[in-house]
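Q: For reference, this is my_file20.csv, and it has CSV, C-alpha atoms.
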```csv
chain,number,residue,atom,x,y,z
A,25,MET,CA,17.3,25.0,29.5
A,26,GLU,CA,13.5,25.5,29.0
A,27,ARG,CA,13.8,25.1,25.2
A,28,HIS,CA,15.8,21.9,25.7
A,29,PHE,CA,13.1,20.6,28.1
A,30,ILE,CA,10.3,21.3,25.6
A,31,LYS,CA,12.2,19.5,22.9
A,32,GLU,CA,12.8,16.5,25.1
A,33,MET,CA,9.1,16.4,26.0
A,34,ASP,CA,8.1,16.6,22.3
A,35,ASP,CA,10.5,13.8,21.5
A,36,LEU,CA,8.9,11.7,24.3
A,37,LYS,CA,5.4,12.3,23.0
A,38,MET,CA,6.4,11.6,19.3
A,39,THR,CA,8.1,8.4,20.3
A,40,LEU,CA,5.0,7.2,22.2
A,41,LEU,CA,2.8,8.1,19.3
A,42,GLU,CA,5.1,6.1,17.0
A,43,MET,CA,4.9,3.2,19.3
A,44,ALA,CA,1.1,3.5,19.5
A,45,ALA,CA,0.8,3.5,15.7
A,46,ALA,CA,3.1,0.4,15.4
A,47,THR,CA,1.2,-1.4,18.1
A,48,ARG,CA,-2.2,-0.7,16.5
A,49,ARG,CA,-0.8,-1.9,13.2
A,50,ALA,CA,0.4,-5.1,14.8
A,51,PHE,CA,-3.0,-5.7,16.4
A,52,GLU,CA,-4.8,-5.1,13.2
A,53,GLU,CA,-2.4,-7.3,11.2
A,54,SER,CA,-2.7,-10.1,13.7
A,55,THR,CA,-6.5,-10.2,13.7
A,56,GLN,CA,-6.6,-10.0,9.9
A,57,ALA,CA,-4.1,-12.9,9.8
A,58,TYR,CA,-6.5,-14.9,11.9
A,59,LEU,CA,-9.6,-14.0,10.0
A,60,LYS,CA,-8.0,-14.6,6.6
A,61,ARG,CA,-5.8,-17.5,7.6
A,62,ASP,CA,-2.8,-15.5,6.3
A,63,GLU,CA,0.5,-17.1,7.5
A,64,ASP,CA,2.8,-14.5,5.9
A,65,ARG,CA,0.9,-11.7,7.7
A,66,ALA,CA,1.1,-13.5,11.0
A,67,ARG,CA,4.9,-14.0,10.6
A,68,ARG,CA,5.4,-10.3,9.9
A,69,VAL,CA,3.7,-9.4,13.2
A,70,ILE,CA,6.0,-11.7,15.1
A,71,GLU,CA,9.1,-10.4,13.3
A,72,GLY,CA,8.0,-6.8,13.8
A,73,ASP,CA,7.7,-7.0,17.6
A,74,LYS,CA,11.3,-6.1,18.1
A,75,LYS,CA,10.7,-2.6,16.8
A,76,ILE,CA,8.0,-2.0,19.4
A,77,ASN,CA,10.2,-3.3,22.1
A,78,ASP,CA,13.0,-1.0,21.0
A,79,LEU,CA,10.6,2.0,21.1
A,80,GLU,CA,9.6,1.1,24.7
A,81,LEU,CA,13.3,1.1,25.6
A,82,LYS,CA,13.8,4.5,23.9
A,83,ILE,CA,10.9,5.9,25.9
A,84,ASP,CA,12.4,4.6,29.2
A,85,GLN,CA,15.7,6.3,28.3
A,86,ILE,CA,14.0,9.6,27.6
A,87,VAL,CA,12.0,9.4,30.8
A,88,LEU,CA,15.0,8.6,32.9
A,89,LYS,CA,16.9,11.5,31.4
A,90,LEU,CA,14.1,13.9,32.0
A,91,LEU,CA,13.6,12.8,35.6
A,92,ALA,CA,17.3,13.0,36.4
A,93,LEU,CA,18.2,16.3,34.8
A,94,GLU,CA,15.0,18.4,34.6
A,95,GLN,CA,13.2,17.7,37.9
A,96,PRO,CA,9.7,18.2,36.3
A,97,MET,CA,6.7,19.1,38.4
A,98,ALA,CA,2.9,19.1,38.2
A,99,ARG,CA,1.4,18.4,34.7
A,100,ASP,CA,4.9,17.8,33.2
A,101,LEU,CA,5.6,15.2,35.8
A,102,ARG,CA,2.3,13.5,35.3
A,103,PHE,CA,2.8,13.4,31.6
A,104,ILE,CA,6.2,11.8,32.0
A,105,LEU,CA,5.0,9.2,34.5
A,106,GLY,CA,1.8,8.6,32.5
A,107,THR,CA,3.8,8.1,29.3
A,108,THR,CA,6.0,5.4,30.7
A,109,LYS,CA,2.9,3.6,32.0
A,110,ILE,CA,1.2,3.9,28.6
A,111,SER,CA,4.3,2.5,26.8
A,112,LYS,CA,4.1,-0.6,29.1
A,113,GLU,CA,0.5,-1.2,28.2
A,114,LEU,CA,1.3,-0.8,24.5
A,115,GLU,CA,4.1,-3.3,24.7
A,116,ARG,CA,1.8,-5.8,26.3
A,117,ILE,CA,-0.8,-5.2,23.6
A,118,ALA,CA,1.9,-5.9,21.0
A,119,ASP,CA,2.7,-9.1,22.9
A,120,GLN,CA,-0.9,-10.1,22.6
A,121,ALA,CA,-0.7,-9.5,18.8
A,122,VAL,CA,2.3,-11.8,18.7
A,123,ASN,CA,0.3,-14.4,20.7
A,124,ILE,CA,-2.6,-14.2,18.3
A,125,SER,CA,-0.2,-14.6,15.3
A,126,GLU,CA,1.5,-17.6,16.8
A,127,ARG,CA,-1.9,-19.4,17.4
A,128,THR,CA,-2.9,-18.4,13.9
A,129,LEU,CA,0.1,-20.2,12.4
A,130,PHE,CA,-1.1,-23.4,14.1
A,131,LEU,CA,-4.6,-23.0,13.0
A,132,CYS,CA,-3.5,-22.3,9.4
A,133,GLN,CA,-2.0,-25.8,9.3
A,134,HIS,CA,-5.4,-27.4,9.8
A,135,PRO,CA,-9.0,-27.1,8.4
A,136,PRO,CA,-10.9,-24.1,9.8
A,137,LEU,CA,-13.4,-24.4,12.6
A,138,ALA,CA,-17.0,-23.4,12.1
A,139,HIS,CA,-17.7,-19.6,11.7
A,140,LEU,CA,-17.7,-17.7,15.0
A,141,PRO,CA,-19.7,-14.5,14.7
A,142,ALA,CA,-18.9,-13.6,18.4
A,143,MET,CA,-15.1,-13.7,17.6
A,144,GLU,CA,-15.5,-11.2,14.8
A,145,GLN,CA,-17.5,-8.9,17.1
A,146,LEU,CA,-14.8,-9.3,19.8
A,147,ILE,CA,-12.1,-8.3,17.3
A,148,ASN,CA,-14.1,-5.2,16.3
A,149,VAL,CA,-14.7,-4.1,19.9
A,150,ALA,CA,-11.1,-4.7,21.0
A,151,GLY,CA,-9.9,-2.7,18.0
A,152,GLU,CA,-12.3,0.1,18.7
A,153,MET,CA,-11.1,0.2,22.4
A,154,LEU,CA,-7.5,0.4,21.3
A,155,ALA,CA,-8.2,3.2,18.8
A,156,ALA,CA,-10.2,5.1,21.4
A,157,ALA,CA,-7.4,4.8,23.9
A,158,ILE,CA,-4.8,6.1,21.5
A,159,SER,CA,-7.1,8.9,20.4
A,160,SER,CA,-7.9,9.9,24.0
A,161,PHE,CA,-4.2,10.5,24.6
A,162,VAL,CA,-3.7,12.5,21.4
A,163,GLU,CA,-6.8,14.6,22.0
A,164,GLU,CA,-6.4,14.7,25.8
A,165,ASP,CA,-10.0,13.6,26.0
A,166,THR,CA,-10.8,12.2,29.5
A,167,GLN,CA,-14.4,11.5,28.7
A,168,LYS,CA,-13.4,9.2,25.8
A,169,ALA,CA,-10.8,7.6,28.1
A,170,ILE,CA,-13.4,6.9,30.8
A,171,ARG,CA,-16.0,5.6,28.4
A,172,ILE,CA,-13.7,2.8,27.2
A,173,ARG,CA,-14.7,1.1,30.4
A,174,GLN,CA,-18.2,0.6,29.1
A,175,MET,CA,-16.9,-1.1,26.0
A,176,ASP,CA,-14.9,-3.5,28.1
A,177,ASP,CA,-18.2,-5.0,29.4
A,178,ILE,CA,-19.1,-5.7,25.7
A,179,ALA,CA,-15.7,-7.3,25.1
A,180,ASP,CA,-16.2,-9.6,28.1
A,181,LYS,CA,-19.7,-10.6,26.8
A,182,TYR,CA,-18.3,-11.7,23.4
A,183,THR,CA,-15.4,-13.5,25.0
A,184,LEU,CA,-17.9,-15.6,27.0
A,185,GLU,CA,-19.9,-16.3,23.8
A,186,VAL,CA,-16.8,-17.5,22.0
A,187,LEU,CA,-15.9,-19.7,25.0
A,188,GLN,CA,-19.3,-21.3,25.1
A,189,ALA,CA,-19.4,-21.9,21.4
A,190,LEU,CA,-16.0,-23.7,21.4
A,191,ILE,CA,-16.9,-25.7,24.5
A,192,ASP,CA,-19.9,-26.9,22.6
A,193,THR,CA,-17.7,-27.8,19.7
A,194,MET,CA,-15.3,-29.8,21.8
A,195,VAL,CA,-18.0,-31.8,23.5
A,196,GLN,CA,-19.7,-32.7,20.3
A,197,SER,CA,-19.2,-36.3,19.3
A,198,THR,CA,-16.5,-36.6,16.6
A,199,PRO,CA,-15.7,-40.0,15.1
A,200,GLY,CA,-12.1,-41.1,15.6
A,201,ALA,CA,-9.8,-40.3,18.5
A,202,GLU,CA,-7.4,-38.5,16.2
A,203,LYS,CA,-10.0,-36.1,14.9
A,204,ARG,CA,-11.3,-35.5,18.4
A,205,ILE,CA,-7.9,-34.5,19.6
A,206,LEU,CA,-7.4,-32.2,16.6
A,207,ASN,CA,-10.8,-30.7,17.2
A,208,THR,CA,-9.9,-30.0,20.8
A,209,ARG,CA,-6.5,-28.5,20.0
A,210,ARG,CA,-8.0,-26.1,17.4
A,211,SER,CA,-10.7,-25.1,19.8
A,212,ILE,CA,-8.2,-24.4,22.6
A,213,GLN,CA,-5.9,-22.3,20.4
A,214,THR,CA,-9.0,-20.3,19.3
A,215,ILE,CA,-10.0,-19.8,22.9
A,216,ILE,CA,-6.5,-18.5,23.7
A,217,ILE,CA,-6.9,-16.0,20.9
A,218,SER,CA,-10.2,-14.8,22.3
A,219,ARG,CA,-8.5,-14.3,25.7
A,220,CYS,CA,-5.7,-12.3,24.0
A,221,LEU,CA,-8.4,-10.1,22.5
A,222,GLU,CA,-10.1,-9.6,25.9
A,223,ARG,CA,-6.7,-8.7,27.3
A,224,VAL,CA,-6.2,-6.1,24.6
A,225,GLY,CA,-9.4,-4.5,25.8
A,226,ASP,CA,-8.3,-4.5,29.4
A,227,LEU,CA,-5.0,-2.9,28.5
A,228,ALA,CA,-6.8,-0.3,26.4
A,229,THR,CA,-8.9,0.5,29.5
A,230,ASN,CA,-5.7,0.9,31.5
A,231,ILE,CA,-4.4,3.4,28.9
A,232,GLY,CA,-7.6,5.4,29.3
A,233,GLU,CA,-7.0,5.5,33.1
A,234,HIS,CA,-3.5,6.8,32.5
A,235,VAL,CA,-4.8,9.5,30.2
A,236,ALA,CA,-7.3,10.7,32.9
A,237,PHE,CA,-4.3,10.9,35.4
A,238,ILE,CA,-2.2,12.9,33.0
A,239,VAL,CA,-4.9,15.4,32.0
A,240,LYS,CA,-7.0,15.8,35.1
A,241,ALA,CA,-4.7,14.5,37.9
A,242,ILE,CA,-7.4,12.0,38.9
A,243,ASN,CA,-6.9,8.3,39.6
A,244,ILE,CA,-9.9,6.4,38.3
A,245,LYS,CA,-8.3,3.0,38.6
A,246,HIS,CA,-10.5,0.6,40.6
A,247,GLN,CA,-13.2,3.3,41.0
A,248,LYS,CA,-16.7,3.7,39.7
A,249,VAL,CA,-17.1,6.8,37.5
A,250,ASP,CA,-20.3,8.7,36.7
A,251,PHE,CA,-20.2,8.7,32.9
A,252,ASP,CA,-22.5,11.6,32.6
A,253,LYS,CA,-20.2,14.0,34.4
```
Just give me the structure as structure tokens.

A:
Amino acid sequence: MERHFIKEMDDLKMTLLEMAAATRRAFEESTQAYLKRDEDRARRVIEGDKKINDLELKIDQIVLKLLALEQPMARDLRFILGTTKISKELERIADQAVNISERTLFLCQHPPLAHLPAMEQLINVAGEMLAAAISSFVEEDTQKAIRIRQMDDIADKYTLEVLQALIDTMVQSTPGAEKRILNTRRSIQTIIISRCLERVGDLATNIGEHVAFIVKAINIKHQKVDFDK
């Protein structure tokens, strides 16, 4: 029975890591599709979302089986519960990648907006947060998990910069009602992308909190944490 339990736990971890890798690829592909105005890449992200959803369902099945048949305790129970929570966060991140790709398809049909340096910075920070969250789980590194919170403040800063720049773009006088409407629609779609990126950062922060729960049995959600300890 013990050997069977260990195998099931290993399967759970490997399935979560597969889901994490697929989610990270989806995020990276969606942001590259936006930056490079690549419609084919955006469509691949949308089409690939089913695989990530299927992996979440597989994790749910493994977790239910473990809880029903093995009656895990202590660290094992925290790992199982934490894993199912992390899988939910990953599925939501993948949904944000789909949202980015869908907005990108619209933007690709029209001339590009002016260059937005803050958007590129936001993409970089959100990507770093997601990578750190996954690596904190793999390495069981609670310090890395906790420090993702600090990066979240930076992501929020860039999100506001993008919003301000696009508001300025929308209020600028553009000759012709049709051009003004298109200018507004492009700006709104880009603002939505920035909010998706901010949301990815929030979800990565949540993953870090789940890792801290699994490894140290501490709940840091909604709490201030001393980063030097």

Q: Kindly give the distance, in Å, that separates atom CA of Gln188 of chain A and atom CA of Arg116 of chain A, rounded to a single decimal.

A: 26.2 Å

Q: Nearest to Cys132 of chain A among A:Phe29, A:Tyr58, A:Phe237, A:Phe103, with distances taken over all atoms listed in the file: which residue is it?

A: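 Ranked by minimum distance to Cys132 of chain A, first place goes to A:Tyr58.
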
Q: Residues of segment 108-181 of chain A within 7 Å of segment 63-73 of chain A: nearest atom pair and distance (Å, one decimal) for each, counting all atoms listed in the file, sorted by chain and number, as CSV?

A:
```
residue,atom,partner,partner_atom,distance
A:Ala118,CA,A:Asp73,CA,6.8
A:Val122,CA,A:Ile70,CA,5.2
A:Ser125,CA,A:Ala66,CA,4.6
A:Thr128,CA,A:Ala66,CA,7.0
A:Leu129,CA,A:Glu63,CA,5.8
A:Cys132,CA,A:Glu63,CA,6.8
```

Q: Which residue is closest to Lys203 of chain A? Choose from A:Lys181, A:Arg127, A:Lys168, A:His134 and count all atoms listed in the file.

A: A:His134

Q: Find the residues near segment 145-160 of chain A: any atom within 9 Å, counting only C-alpha atoms, skip ones fewer than 2 places away on the same chain, and give them as a PyMOL selection string.

A: chain A and resi 41+44-45+48+51-52+55+141-143+162-169+172-173+175-176+178-183+186+218+221-232+235-236

Q: For the atom pair atom CA of Leu114 of chain A and atom CA of Leu91 of chain A, what is the interatomic distance in Å to one decimal place?

A: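 Rounded to one decimal, the two atoms are 21.4 Å apart.
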
Q: Rounded to one decimal, what separation in Å do you get between atom CA of Arg49 of chain A and atom CA of Ala189 of chain A?

A: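 About the pair atom CA of Arg49 of chain A and atom CA of Ala189 of chain A: they are 28.5 Å apart.
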
Q: Using all atoms listed in the file, which protein or nucleic acid residues come within 10 Å of Phe130 of chain A? Drop anything in the same chain fewer than 5 positions from it, and give the result as a list of chain:residue names.

A: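 Near neighbours after the sequence-gap exclusion: A:Arg61, A:Glu63, A:Ser125, A:Arg209, A:Arg210, A:Gln213, A:Thr214.
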
Q: Using all atoms listed in the file, which residue out of A:Met97, A:Ile86, A:Leu81, A:Ile191 lies closest to Glu32 of chain A?

A: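 Among A:Met97, A:Ile86, A:Leu81, A:Ile191, it is A:Ile86 that comes nearest to Glu32 of chain A.
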
Q: Nearest residue to Val239 of chain A out of A:Leu206, A:Leu140, A:Ile104, A:Ile124, using all atoms listed in the file?

A: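 Between A:Leu206, A:Leu140, A:Ile104, A:Ile124, the residue approaching Val239 of chain A most closely is A:Ile104.
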
Q: Would you list the contacts of Ser211 of chain A as a list in words, taking every protein, DNA or RNA residue within 9 Å and counting all atoms listed in the file, but skipping same-chain residues closer than 4 positions in sequence?

A: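 Residues near the query, excluding close chain neighbours: Leu137, Leu190, Ile191, Thr193, Met194, Leu206, Asn207, Ile215 and Ile216 of chain A.
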
Q: Given only C-alpha atoms as the basis, pick out the residue of A:His28, A:Lys75, A:Lys112, A:His139 nearest to Leu90 of chain A.

A: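 Ranked by minimum distance to Leu90 of chain A, first place goes to A:His28.
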
Q: Box along x, y and z, 6 Å on every side, all listed atoms of segment 146-158 of chain A inside: centre and edge lengths in Å to one decimal, as AutoDock Vina command-line options.

A:
```
--center_x -9.8 --center_y -1.6 --center_z 20.1 --size_x 22.0 --size_y 27.4 --size_z 19.6
```

Q: Between A:Asp35, A:Asp192, A:Glu126, A:Asp84, which is the closest to Ser54 of chain A once you count all atoms listed in the file?

A: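 Nearest to Ser54 of chain A: A:Glu126.
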
Q: Would you mind putting back N, CA and C atoms on segment 29-44 of chain A, then writing it out as a compact mmCIF listing (two decimals), in the coordinates of the input?

A:
```
# COMPACT_ATOMS: atom_id res chain seq x y z
N PHE A 29 14.16 21.40 27.43
CA PHE A 29 13.10 20.60 28.10
C PHE A 29 11.92 20.38 27.20
N ILE A 30 11.48 21.44 26.54
CA ILE A 30 10.30 21.30 25.60
C ILE A 30 10.63 20.36 24.50
N LYS A 31 11.86 20.43 23.97
CA LYS A 31 12.20 19.50 22.90
C LYS A 31 12.22 18.06 23.37
N GLU A 32 12.75 17.82 24.56
CA GLU A 32 12.80 16.50 25.10
C GLU A 32 11.34 15.95 25.33
N MET A 33 10.46 16.80 25.80
CA MET A 33 9.10 16.40 26.00
C MET A 33 8.38 16.11 24.68
N ASP A 34 8.67 16.91 23.67
CA ASP A 34 8.10 16.60 22.30
C ASP A 34 8.63 15.32 21.79
N ASP A 35 9.91 15.05 22.00
CA ASP A 35 10.50 13.80 21.50
C ASP A 35 9.81 12.60 22.24
N LEU A 36 9.53 12.78 23.53
CA LEU A 36 8.90 11.70 24.30
C LEU A 36 7.48 11.44 23.73
N LYS A 37 6.73 12.51 23.48
CA LYS A 37 5.40 12.30 23.00
C LYS A 37 5.41 11.71 21.56
N MET A 38 6.29 12.16 20.70
CA MET A 38 6.40 11.60 19.30
C MET A 38 6.78 10.15 19.33
N THR A 39 7.68 9.79 20.23
CA THR A 39 8.10 8.40 20.30
C THR A 39 6.96 7.52 20.79
N LEU A 40 6.19 8.02 21.76
CA LEU A 40 5.00 7.20 22.20
C LEU A 40 3.99 7.09 21.11
N LEU A 41 3.77 8.16 20.35
CA LEU A 41 2.80 8.10 19.30
C LEU A 41 3.28 7.11 18.17
N GLU A 42 4.58 7.09 17.92
CA GLU A 42 5.10 6.10 17.00
C GLU A 42 4.91 4.69 17.47
N MET A 43 5.13 4.49 18.75
CA MET A 43 4.90 3.20 19.30
C MET A 43 3.43 2.79 19.29
N ALA A 44 2.56 3.75 19.56
CA ALA A 44 1.10 3.50 19.50
C ALA A 44 0.67 3.09 18.12
```
